[in-house]
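Scroll down for the structure; my scribbles are underneath it.
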Amino acid sequence: MAAGIDDMSIYIPKLYVDTEDFAEARDVDIDKMRKGLGIYQMAIVDNNQDPACLAANAAYKIMKRNDIQPKDVGRLYISTESSFDESKAMNAYVVGMLEQVYGPDTFEHCGGVETKFACVSGSYALYDNLNWIRAGEADSQYALVVVSDIAKYDLGSSGEMTQGAGAVAMLLNDEPRLLTFDRKVTATSISDEYDFYRPFGKDTPIVHGQYSNLLYLMQVRKALELYKTKVISTGLIKPSPDESILDYIDYLNMHLPYSAMGRKALAYLLRHEWRNLPRWGPMIEKIGMAEPIAKTPGTIETILANPDFIKDDSKFNRLLMETDEFNDMYEEKLSSSLIASKMIGNLYTASLYLGFRSSLEYEHKKGIDLAGKRIGFGSYGSGSSAMVFSGVITEEYLDIVSHMELESDIANRRRLTLEEYEMLHRGLMPADESLLSGKDEFILTDVDKSNSERRYAFNS
Ligand code: CAA
């Protein structure tokens with residue numbers, strides 16, 4: 001049975017910090033943020049919002065647009081790494097909010113959990129729900145998977161310039177109008193790591209930035225190797241000896257903690273994919289230096305302990321990224337997926353899917369017919385695990401993609417002053433105040449000081 005994404009919606013908070021203000025306040029070179037990391041604006045949540053509100057707003061949007069009633073939804077999963085409760089799952093909060101609009105107990109039948117594995121958990125939730133549909137359990141109902149996060153780092157830390165917030169809701173079924181996932185090729189990689197983690201009680205993560213960057217690349221590459229074995233053994237893709245698997249992926253979507261990470265990941269994957277192909281010799285000539293090879297064993301520890309290798313390796317990557325071959329591939333397969341991230345920032349679990357939506361919208365706007373195009377996904381979650389999988393755009397995709405309009409989704413945003421941003425970040429605003437009213441949205445109205453119970457309302 002086929003299974004895939006029927007429609008998707010996004011919800012982005014209406015406050016943002018501009019890198020111009022941020023770079024000046026933190027005395028960071030703005031070129032580092034804009035050219036080095038690819039960040040122009042970072043979405044920030046208001047005082048009356050939490051990740052459950054963001055998720056409920058994205059879910060409500062998709063249900064309203066498709067005229068879907070609660071009885072049509074069999075499973076509601078929320079994936080997040082911004083959880084505020086160690087026991088009560090975020091989908092329960094979201095059900096509570098949606099029932100304020102659709103009526104009491106209207107979601108009573110609807111199963112689901114909150115899933116956690118840093119930024120990759122949304123991909124696991126997607127996979128599990130696709131298999132629920134493929135197993136014939138859905139009985140004509142949809143699965144609704146919502147990825148929702150607030151990427152918040154310590155003030156003054158190097159991670160602070162890679163913040164953001166938002167949610168993406170994905171409606172899954174067996175007759176998807178947007179994308180059908182390829183079966184039996186989903187590949188995973190996992191290891192016990194401390195690159196980025198958030199112990200109980202902390203509201204910001206502990207981050208080893210460069211370690212996390214390298215781990216992301218190595219982990220996604222391992223998953224890609226397994227994906228390759230699977231697509232070849234299932235016969236889904238039949239590359240000849242002088243071809244790479246990436247030649248058969250029309251568009252690539254990578255996890256985007258910041259937009260430039262997508263470009264770095266493409267260079268890393270291409271390099272490993274092309275290394276043993278006839279095209280590599282002419283590439284090395286163009287690059288003009290031999291490829292640095294890590295001493296064995298090429299583990300993350302031996303690589304990070306060798307600054308000379310890292311220096312040579314960055315130089316090689318930089319030269320590789322200047323070649324026409326790399327830039328053609330970048331423009332053709334990846335660049336459109338980075339546009340939204342530049343304007344919104346890191347959405348943790350939702351970053352990959354915001355990138356997918358961005359790619360669809362901006363490739364469609366170029367006038368390209370997307371039907372039949374194969375989309376590759378490279379998902380990464382710290383701690384750490386990667387997932388690589390793929391799908392094909394359906395013939396009906398225009399019904400969905402022609403409505404996508406990022407500019408209107410993030411219209412009328414308010415640019416925060418650094419003072420306002422820091423006040424929100426430190427939680428200094430009185431609980432009953434917010435900068436915006438949150439009209440036509442779910443908002444957090446109260447957190448009871450005595451028992452931490454949260455109250456929400458739809459602010460019509
Ligand atoms: N002009 C142009 N480019 C400049 C520049 C300038 N003036 N100054 C610096 N740059 C470039 C650098 O050369 C570098 O480019 P390369 O990556 O191509 O080498 C880039 O800007 C960033 O500079 P640094 O590496 O020196 O930046 P940093 O070490 O201060 O911080 C960071 C970068 C490690 C990503 C940090 O922001 C961080 O810790 N972020 C949070 C963790 C994170 O996002 N990790 C990503 C992988 S883990 C993950 O993906 C899970 C998740 O969602 C968090």
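Residues are named by chain letter and number: chains run A, B, ... in the order of the structure tokens, numbers start at 1 in each chain, and ligands are numbered from 1 in the order shown.
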May I have the residues within 12 Å of segment 102-114 of chain A as a PyMOL selection string, using only C-alpha atoms and disregarding those fewer than 2 positions away in the same chain? chain A and resi 51-52+55+60+63-64+67-100+116-117+121-122+124-126+128-129+132+138+141-148+458
Please extract the residues of segment 251-420 of chain A with a backbone DSSP assignment of strand (DSSP E or B) and present them as a VMD selection string. chain A and resid 251 to 254 374 to 381 385 to 393 414 to 415
Between A:Leu398, A:Val17, A:Val120, A:Ile249, which one has atoms that come closest to ligand 1, using only C-alpha atoms and all ligand atoms?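 When distances to ligand 1 are compared using only C-alpha atoms and all ligand atoms, the smallest one comes from A:Val120.
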In Å, rounded to a single decimal, give me how far atom CA of Ala43 of chain A is from atom CA of Gly438 of chain A. 14.8 Å
Proximity to Asn346 of chain A - best of A:Asp149, A:Glu419, A:Glu331, A:Glu396, only C-alpha atoms: A:Asp149
Taking only C-alpha atoms and all ligand atoms into account, list the residues no farther than 7 Å from ligand 1, as a PyMOL selection string. chain A and resi 29-33+35-37+118-119+158-162+196+207-210+212-213+216+255-258+264+314+346+348+380-382
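Using only C-alpha atoms, the shortest contact distance between Tyr194 of chain A and any of A:Ser384, A:Ile39, A:Lys230, A:Asp448 is found at A:Ser384.
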Pick out the residues sitting within 9 Å of Ile393 of chain A, and hand them over as a PyMOL selection string; count only C-alpha atoms, and ignore anything fewer than 4 positions along from it in its own chain. chain A and resi 177-181+370-375+397
Could you write those residues out with all heavy atoms, as a CSV table (one decimal), in the first residue's frame?
```csv
chain,number,residue,atom,x,y,z
A,177,ARG,N,-1.5,13.4,-2.0
A,177,ARG,CA,-1.5,14.3,-3.1
A,177,ARG,C,-0.2,15.0,-3.4
A,177,ARG,O,0.0,15.6,-4.4
A,177,ARG,CB,-2.6,15.4,-2.9
A,177,ARG,CG,-4.0,15.0,-3.1
A,177,ARG,CD,-5.0,16.0,-2.6
A,177,ARG,NE,-4.9,16.3,-1.2
A,177,ARG,CZ,-5.4,17.3,-0.5
A,177,ARG,NH1,-6.1,18.2,-1.2
A,177,ARG,NH2,-5.2,17.4,0.8
A,178,LEU,N,0.7,14.8,-2.4
A,178,LEU,CA,2.0,15.5,-2.5
A,178,LEU,C,3.2,14.6,-2.7
A,178,LEU,O,3.9,14.8,-3.8
A,178,LEU,CB,2.3,16.4,-1.2
A,178,LEU,CG,3.5,17.2,-1.2
A,178,LEU,CD1,3.5,18.2,-2.3
A,178,LEU,CD2,3.6,18.0,0.1
A,179,LEU,N,3.4,13.7,-1.9
A,179,LEU,CA,4.7,12.9,-2.0
A,179,LEU,C,4.4,11.4,-1.5
A,179,LEU,O,3.8,11.2,-0.4
A,179,LEU,CB,5.8,13.5,-1.1
A,179,LEU,CG,7.1,12.7,-1.1
A,179,LEU,CD1,8.2,13.4,-1.9
A,179,LEU,CD2,7.5,12.5,0.3
A,180,THR,N,4.8,10.4,-2.3
A,180,THR,CA,4.7,9.1,-1.8
A,180,THR,C,6.1,8.6,-1.4
A,180,THR,O,7.1,8.7,-2.2
A,180,THR,CB,4.2,8.2,-3.0
A,180,THR,OG1,3.0,8.7,-3.5
A,180,THR,CG2,4.0,6.7,-2.6
A,181,PHE,N,6.3,8.1,-0.2
A,181,PHE,CA,7.6,7.6,0.2
A,181,PHE,C,8.0,6.3,-0.4
A,181,PHE,O,7.1,5.4,-0.6
A,181,PHE,CB,7.6,7.5,1.8
A,181,PHE,CG,7.7,8.9,2.4
A,181,PHE,CD1,6.6,9.5,2.9
A,181,PHE,CD2,8.9,9.5,2.5
A,181,PHE,CE1,6.6,10.7,3.5
A,181,PHE,CE2,9.0,10.8,3.1
A,181,PHE,CZ,7.9,11.4,3.6
A,370,LEU,N,7.4,19.4,-11.1
A,370,LEU,CA,8.0,18.6,-10.1
A,370,LEU,C,7.5,17.1,-10.1
A,370,LEU,O,8.0,16.3,-9.4
A,370,LEU,CB,7.8,19.2,-8.7
A,370,LEU,CG,8.4,20.6,-8.5
A,370,LEU,CD1,8.0,21.2,-7.2
A,370,LEU,CD2,9.9,20.5,-8.6
A,371,ALA,N,6.4,16.8,-10.9
A,371,ALA,CA,5.8,15.5,-10.8
A,371,ALA,C,6.9,14.4,-11.2
A,371,ALA,O,7.6,14.6,-12.1
A,371,ALA,CB,4.7,15.4,-11.8
A,372,GLY,N,6.9,13.4,-10.3
A,372,GLY,CA,7.8,12.3,-10.6
A,372,GLY,C,9.3,12.5,-10.1
A,372,GLY,O,10.1,11.6,-10.2
A,373,LYS,N,9.5,13.7,-9.5
A,373,LYS,CA,10.9,14.0,-9.0
A,373,LYS,C,11.1,13.2,-7.7
A,373,LYS,O,10.2,13.2,-6.9
A,373,LYS,CB,11.1,15.5,-8.7
A,373,LYS,CG,10.9,16.4,-10.0
A,373,LYS,CD,12.1,16.3,-10.9
A,373,LYS,CE,11.9,17.4,-12.0
A,373,LYS,NZ,12.7,17.1,-13.1
A,374,ARG,N,12.3,12.6,-7.6
A,374,ARG,CA,12.7,11.9,-6.4
A,374,ARG,C,13.3,12.9,-5.4
A,374,ARG,O,14.3,13.6,-5.7
A,374,ARG,CB,13.6,10.7,-6.7
A,374,ARG,CG,14.1,10.0,-5.4
A,374,ARG,CD,14.4,8.6,-5.6
A,374,ARG,NE,13.3,7.7,-5.6
A,374,ARG,CZ,12.9,6.9,-6.6
A,374,ARG,NH1,13.6,6.9,-7.7
A,374,ARG,NH2,11.8,6.2,-6.6
A,375,ILE,N,12.8,12.9,-4.2
A,375,ILE,CA,13.3,13.7,-3.1
A,375,ILE,C,14.0,12.9,-2.1
A,375,ILE,O,13.5,11.9,-1.6
A,375,ILE,CB,12.1,14.4,-2.4
A,375,ILE,CG1,11.1,15.0,-3.3
A,375,ILE,CG2,12.6,15.5,-1.4
A,375,ILE,CD1,11.5,16.2,-4.1
A,397,TYR,N,0.5,17.0,-7.3
A,397,TYR,CA,1.2,17.9,-6.3
A,397,TYR,C,0.8,19.4,-6.5
A,397,TYR,O,0.8,20.1,-5.5
A,397,TYR,CB,2.7,17.7,-6.5
A,397,TYR,CG,3.3,18.5,-7.6
A,397,TYR,CD1,3.8,19.8,-7.5
A,397,TYR,CD2,3.2,18.0,-8.9
A,397,TYR,CE1,4.3,20.5,-8.5
A,397,TYR,CE2,3.7,18.7,-10.0
A,397,TYR,CZ,4.3,20.0,-9.8
A,397,TYR,OH,4.7,20.7,-10.9
```
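Atom CA of Met170 of chain A lies 10.7 Å from atom CA of Arg357 of chain A.
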With a distance cut-off of 6 Å and only C-alpha atoms, select the neighbouring residues of Tyr362 of chain A, excluding the residue or stretch itself and same-chain residues fewer than 3 positions from it, and output the selection as a PyMOL selection string. chain A and resi 336+359+365
Env of Ile190 of chain A: 9 Å cut, atoms = only C-alpha atoms, seq-sep filter 6 positions within chain, self excluded. Answer as a VMD selection string. chain A and resid 219 223 383 to 387
